[in-house]
$ cat model-v6.txt   # compact mmCIF, C-alpha atoms
# COMPACT_ATOMS: atom_id res chain seq x y z
CA MET N 4 2.94 6.33 -30.44
CA ARG N 5 2.43 9.30 -28.21
CA ILE N 6 0.20 8.62 -25.21
CA ASN N 7 -1.27 11.48 -23.24
CA ASP N 8 -1.39 10.52 -19.56
CA LEU N 9 -1.07 13.97 -18.01
CA LEU N 10 -4.11 13.25 -15.81
CA LEU N 11 -2.54 10.12 -14.30
CA LYS N 12 0.80 11.82 -13.68
CA THR N 13 -0.82 14.83 -12.00
CA VAL N 14 -3.03 12.69 -9.77
CA VAL N 15 -0.25 10.30 -8.79
CA ARG N 16 2.04 13.15 -7.75
CA ILE N 17 -0.49 14.04 -5.02
CA VAL N 18 -1.71 10.54 -4.19
CA VAL N 19 1.77 9.19 -3.47
CA PHE N 20 2.13 11.61 -0.58
CA ILE N 21 -1.29 10.63 0.80
CA ILE N 22 -0.24 6.97 0.71
CA LEU N 23 3.09 7.74 2.41
CA THR N 24 1.25 9.68 5.14
CA LEU N 25 -1.07 6.71 5.68
CA ALA N 26 1.98 4.47 5.90
CA ILE N 27 3.52 6.62 8.64
CA TYR N 28 0.20 6.66 10.51
CA LEU N 29 -0.05 2.86 10.28
CA PHE N 30 3.54 2.52 11.45
CA PHE N 31 2.94 4.53 14.63
CA ALA N 32 -0.56 3.12 15.25
CA GLY N 33 0.84 -0.39 15.39
CA HIS N 34 1.54 -0.24 19.08
CA TYR N 35 -2.01 -0.75 20.33
CA SER N 36 -4.16 -1.09 17.20
CA PRO N 37 -3.94 -2.71 13.74
CA GLY N 38 -0.82 -1.65 11.87
CA GLY N 39 2.86 -1.86 12.62
CA GLY N 40 6.15 -2.15 10.83
CA PHE N 41 5.21 -4.87 8.37
CA ILE N 42 2.00 -3.17 7.21
CA GLY N 43 3.65 0.24 7.07
CA GLY N 44 6.47 -1.17 4.96
CA LEU N 45 4.01 -2.77 2.55
CA VAL N 46 2.08 0.49 2.14
CA ILE N 47 5.34 2.42 1.49
CA ALA N 48 6.25 -0.22 -1.10
CA SER N 49 2.84 0.18 -2.75
CA ALA N 50 3.45 3.93 -3.03
CA PHE N 51 6.77 3.24 -4.77
CA VAL N 52 5.06 0.71 -7.07
CA LEU N 53 2.56 3.41 -8.02
CA LEU N 54 5.48 5.69 -8.93
CA TYR N 55 7.09 2.95 -11.00
CA LEU N 56 3.79 2.34 -12.80
CA THR N 57 3.21 5.97 -13.65
CA TYR N 58 6.74 6.93 -14.59
CA ASP N 59 9.42 4.50 -15.74
CA LEU N 60 12.28 2.72 -14.03
CA GLU N 61 15.04 5.16 -14.92
CA THR N 62 13.12 8.31 -13.96
CA VAL N 63 12.17 6.95 -10.54
CA GLN N 64 15.67 5.65 -9.87
CA LYS N 65 17.02 9.10 -10.72
CA GLY N 66 14.54 10.64 -8.27
CA ILE N 67 15.06 8.08 -5.49
CA PRO N 68 18.75 7.12 -5.75
CA VAL N 69 18.52 4.33 -3.19
CA ASP N 70 19.72 0.75 -3.62
CA PHE N 71 16.85 -1.23 -2.09
CA LYS N 72 19.09 -4.20 -1.29
CA VAL N 73 21.10 -1.93 1.03
CA VAL N 74 17.81 -0.75 2.61
CA ALA N 75 16.83 -4.36 3.34
CA ALA N 76 20.27 -5.05 4.83
CA ILE N 77 20.07 -1.99 7.10
CA GLY N 78 16.61 -3.10 8.21
CA VAL N 79 17.77 -6.59 9.20
CA LEU N 80 20.77 -5.07 10.99
CA LEU N 81 18.48 -2.76 13.01
CA ALA N 82 16.03 -5.53 13.91
CA VAL N 83 18.73 -7.95 15.02
CA GLY N 84 20.70 -5.14 16.66
CA THR N 85 17.86 -4.32 19.06
CA GLY N 86 17.78 -8.00 19.99
CA PHE N 87 21.46 -8.08 20.82
CA GLY N 88 21.25 -4.67 22.51
CA SER N 89 19.14 -6.23 25.25
CA VAL N 90 21.81 -8.92 25.76
CA LEU N 91 24.32 -6.16 26.58
CA PHE N 92 22.12 -5.13 29.55
CA GLY N 93 22.08 -8.65 30.93
CA VAL N 94 18.55 -9.69 29.94
CA ASP N 95 17.27 -12.17 27.41
CA PHE N 96 17.58 -11.83 23.63
CA LEU N 97 14.91 -9.54 22.07
CA THR N 98 13.69 -8.21 25.45
CA GLN N 99 11.98 -4.86 24.86
CA THR N 100 11.47 -2.00 27.25
CA ALA N 101 9.40 1.18 27.26
CA HIS N 102 9.31 4.36 29.28
CA HIS N 103 7.06 7.41 29.55
CA PHE N 104 8.53 10.69 28.37
CA ASN N 105 7.12 14.20 28.56
CA LEU N 106 7.81 15.54 25.10
CA PRO N 107 7.23 19.16 24.08
CA LEU N 108 4.14 19.83 21.90
CA VAL N 109 2.78 16.27 22.05
CA GLY N 110 2.67 15.73 25.81
CA ASP N 111 3.08 12.47 27.67
CA LYS N 112 4.08 9.70 25.27
CA GLU N 113 5.34 6.18 25.74
CA LEU N 114 8.55 5.47 23.86
CA GLY N 115 9.82 1.92 23.57
CA THR N 116 12.74 0.13 22.00
CA VAL N 117 10.21 -1.98 20.09
CA MET N 118 9.85 1.04 17.79
CA ILE N 119 13.44 0.54 16.56
CA PHE N 120 12.68 -3.12 15.95
CA GLU N 121 9.55 -2.17 13.99
CA LEU N 122 11.58 0.35 11.97
CA GLY N 123 13.95 -2.47 11.04
CA VAL N 124 11.03 -4.67 9.98
CA ALA N 125 9.57 -1.84 7.87
CA LEU N 126 12.90 -1.15 6.12
CA THR N 127 13.36 -4.86 5.43
CA VAL N 128 9.89 -5.19 3.91
CA VAL N 129 10.36 -2.11 1.70
CA GLY N 130 13.78 -3.29 0.53
CA VAL N 131 12.76 -6.87 -0.24
CA VAL N 132 9.47 -6.00 -1.98
CA MET N 133 11.06 -3.30 -4.13
CA THR N 134 14.00 -5.54 -5.02
CA ILE N 135 11.62 -8.30 -6.15
CA ILE N 136 9.44 -5.92 -8.17
CA THR N 137 12.29 -4.10 -9.90
CA SER N 138 14.02 -7.35 -10.82
CA ILE N 139 10.78 -8.72 -12.29
CA ALA N 140 10.35 -5.50 -14.28
CA GLU N 141 13.92 -5.53 -15.55
CA GLY N 142 13.56 -9.17 -16.55
CA ASP N 143 11.06 -8.70 -19.36
CA GLU N 144 13.06 -8.05 -22.48
CA ASP N 145 11.16 -7.84 -25.72
CA MET W 82 -35.23 1.07 10.73
CA ILE W 83 -31.71 2.22 9.87
CA LYS W 84 -30.40 -1.29 10.50
CA ALA W 85 -32.93 -2.74 8.06
CA VAL W 86 -31.93 -0.21 5.40
CA LEU W 87 -28.25 -0.96 5.92
CA GLY W 88 -28.91 -4.71 5.72
CA LEU W 89 -30.82 -4.24 2.49
CA ALA W 90 -27.92 -2.19 1.09
CA LEU W 91 -25.52 -5.00 2.02
CA LEU W 92 -27.75 -7.46 0.15
CA PHE W 93 -27.81 -5.27 -2.95
CA PHE W 94 -24.04 -4.79 -2.84
CA SER W 95 -23.59 -8.56 -2.67
CA ILE W 96 -25.85 -9.03 -5.68
CA THR W 97 -23.81 -6.39 -7.55
CA ILE W 98 -20.58 -8.20 -6.72
CA VAL W 99 -22.01 -11.51 -7.99
CA ILE W 100 -23.08 -9.86 -11.26
CA CYS W 101 -19.63 -8.26 -11.63
CA LEU W 102 -18.02 -11.63 -10.94
CA TYR W 103 -20.05 -13.10 -13.80
CA ARG W 104 -18.80 -10.30 -16.06
CA ALA W 105 -15.20 -10.78 -14.89
CA ILE W 106 -15.27 -14.50 -15.70
CA LYS W 107 -17.45 -14.46 -18.80
CA GLY W 108 -16.55 -11.02 -20.19
CA PRO W 109 -15.79 -11.19 -23.90
CA THR W 110 -13.02 -8.58 -23.93
CA LEU W 111 -10.26 -7.56 -21.55
CA PRO W 112 -11.65 -4.04 -20.77
CA ASP W 113 -14.91 -5.66 -19.60
CA ARG W 114 -12.98 -7.75 -17.10
CA VAL W 115 -10.92 -4.78 -15.88
CA ILE W 116 -14.01 -2.65 -15.26
CA ALA W 117 -15.72 -5.58 -13.52
CA LEU W 118 -12.74 -6.02 -11.18
CA ASP W 119 -12.62 -2.29 -10.43
CA THR W 120 -16.36 -2.29 -9.63
CA ILE W 121 -15.91 -5.32 -7.36
CA GLY W 122 -13.26 -3.34 -5.46
CA VAL W 123 -15.48 -0.29 -5.04
CA ASN W 124 -18.46 -2.38 -3.89
CA LEU W 125 -16.32 -4.35 -1.46
CA LEU W 126 -15.13 -1.05 0.00
CA SER W 127 -18.73 0.13 0.43
CA MET W 128 -19.64 -3.15 2.10
CA VAL W 129 -16.84 -2.72 4.62
CA ALA W 130 -18.07 0.82 5.33
CA ILE W 131 -21.64 -0.41 5.92
CA ILE W 132 -20.43 -3.24 8.17
CA SER W 133 -18.47 -0.72 10.22
CA LEU W 134 -21.67 1.37 10.51
CA LEU W 135 -23.68 -1.68 11.58
CA GLN W 136 -21.18 -2.69 14.25
CA GLU W 137 -20.64 0.94 15.33
CA THR W 138 -16.87 0.70 15.29
CA THR W 139 -14.07 2.66 13.65
CA ALA W 140 -11.70 -0.29 13.49
CA TYR W 141 -12.37 -0.94 9.81
CA LEU W 142 -11.52 2.52 8.47
CA GLU W 143 -7.91 1.55 7.71
CA VAL W 144 -9.23 -1.46 5.79
CA ILE W 145 -11.24 0.92 3.61
CA LEU W 146 -8.20 3.14 2.93
CA ILE W 147 -5.83 0.30 2.09
CA LEU W 148 -8.41 -1.53 -0.04
CA GLY W 149 -8.98 1.72 -1.94
CA ILE W 150 -5.26 2.19 -2.54
CA LEU W 151 -4.75 -1.39 -3.73
CA SER W 152 -7.80 -1.24 -5.99
CA PHE W 153 -6.51 2.04 -7.49
CA ILE W 154 -3.05 0.59 -8.16
CA GLY W 155 -4.53 -2.58 -9.62
CA THR W 156 -6.80 -0.69 -11.98
CA ILE W 157 -3.92 1.50 -13.15
CA ALA W 158 -1.74 -1.57 -13.74
CA PHE W 159 -4.46 -3.31 -15.77
CA SER W 160 -5.14 -0.16 -17.81
CA LYS W 161 -1.47 0.27 -18.58
CA PHE W 162 -1.24 -3.38 -19.60
CA ILE W 163 -4.15 -2.90 -22.02
CA GLU W 164 -2.74 0.32 -23.43
CA ARG W 165 0.94 -0.57 -23.81
CA GLY W 166 1.39 -4.28 -23.12
CA VAL W 167 4.10 -3.60 -20.52
CA ILE W 168 3.43 -2.56 -16.94
CA ILE W 169 6.73 -1.13 -15.70
CA GLU W 170 8.72 0.42 -18.49
CA ARG W 171 12.49 0.66 -18.43
CA LYS W 172 12.56 4.02 -20.24
CA SER W 173 9.56 5.86 -21.59
CA ASP W 174 9.95 7.12 -25.14
CA ARG W 175 8.89 10.67 -24.47

$ encode --input "model-v6.txt" --output "structure tokens"
Amino acid sequence: MRINDLLLKTVVRIVVFIILTLAIYLFFAGHYSPGGGFIGGLVIASAFVLLYLTYDLETVQKGIPVDFKVVAAIGVLLAVGTGFGSVLFGVDFLTQTAHHFNLPLVGDKELGTVMIFELGVALTVVGVVMTIITSIAEGDED
Amino acid sequence: MIKAVLGLALLFFSITIVICLYRAIKGPTLPDRVIALDTIGVNLLSMVAIISLLQETTAYLEVILILGILSFIGTIAFSKFIERGVIIERKSDR
């Protein structure tokens, strides 16, 4: 049976990028307002789920040739690595620091090592959620 | 004045959600339930917007965006389940 879902595919191609932009905004807003690595990772995962819904498993895996288990592993490594990085400087485990920098184009911004930790959390969430969802989808044989 | 109007709108949105909930539980067919759930999502989103107007804050705008995205994905998943019986296909036959 041939199903015509041109409308869905055209809309999703645009909407996925809007969702990914929102995810990046949430990731960077997490310092002082609602958001952060966990929420950003969940929103990125929802964008990927939308792609999986609209297209099929093989097409998306051809477009995004990433093993999500490796992504989760890299995320955990980053998050734990920032914790041990503070030990190297002689302070307690998971101590974070921040400093003001004068960046071109954006002006005075505060950059902290907690951002690397949050990046690790986000990668872990994306990897674990996508691994769970793709294994559930591959499981249903009919 | 504007607060009274907004409160009245909140009341009507709540009544709409209760009616949709009745349709989602009772609904004879699956498409009835899907449309009821989608309408509940849209009304919930509008209620959050009105509450953020009443409290004069912009803190809830991200809630509106994320609720909209999740409602959209949920509706698409339900529709695909009705149409094909499988949500994430391994390989589409086209």

$ atom_distance --input "model-v6.txt" --atom1 "atom CA of N:Leu45" --atom2 "atom CA of N:Ile139"
17.4 Å

$ closest_atom_pairs --input "model-v6.txt" --of "chain W" --to "chain N" --cutoff "10 Å" --atoms "all atoms listed in the file" --output "tab-separated table"
residue	atom	partner	partner_atom	distance
W:Ala140	CA	N:Pro37	CA	8.1
W:Tyr141	CA	N:Pro37	CA	9.5
W:Glu143	CA	N:Leu29	CA	8.4
W:Val144	CA	N:Pro37	CA	9.6
W:Leu146	CA	N:Leu25	CA	8.4
W:Ile147	CA	N:Val46	CA	7.9
W:Ile150	CA	N:Ile22	CA	7.7
W:Leu151	CA	N:Ser49	CA	7.8
W:Phe153	CA	N:Leu53	CA	9.2
W:Ile154	CA	N:Leu53	CA	6.3
W:Gly155	CA	N:Leu53	CA	9.4
W:Ile157	CA	N:Leu56	CA	7.8
W:Ala158	CA	N:Leu56	CA	6.8
W:Lys161	CA	N:Leu56	CA	8.1
W:Glu164	CA	N:Ile6	CA	9.0
W:Arg165	CA	N:Ile6	CA	9.3
W:Val167	CA	N:Asp143	CA	8.7
W:Ile168	CA	N:Leu56	CA	6.4
W:Ile169	CA	N:Leu56	CA	5.4
W:Glu170	CA	N:Asp59	CA	5.0
W:Arg171	CA	N:Leu60	CA	4.9
W:Lys172	CA	N:Asp59	CA	5.5
W:Ser173	CA	N:Asp59	CA	6.0
W:Asp174	CA	N:Arg5	CA	8.4
W:Arg175	CA	N:Arg5	CA	7.6

$ atom_distance --input "model-v6.txt" --atom1 "atom CA of N:Ala101" --atom2 "atom CA of N:Gly39"
16.3 Å

$ atom_distance --input "model-v6.txt" --atom1 "atom CA of N:Val74" --atom2 "atom CA of N:Gly86"
18.8 Å

$ closest_residue --input "model-v6.txt" --among "W:Leu125, W:Arg114, W:Tyr103, W:Pro109" --to "W:Leu91" --atoms "only C-alpha atoms"
W:Leu125
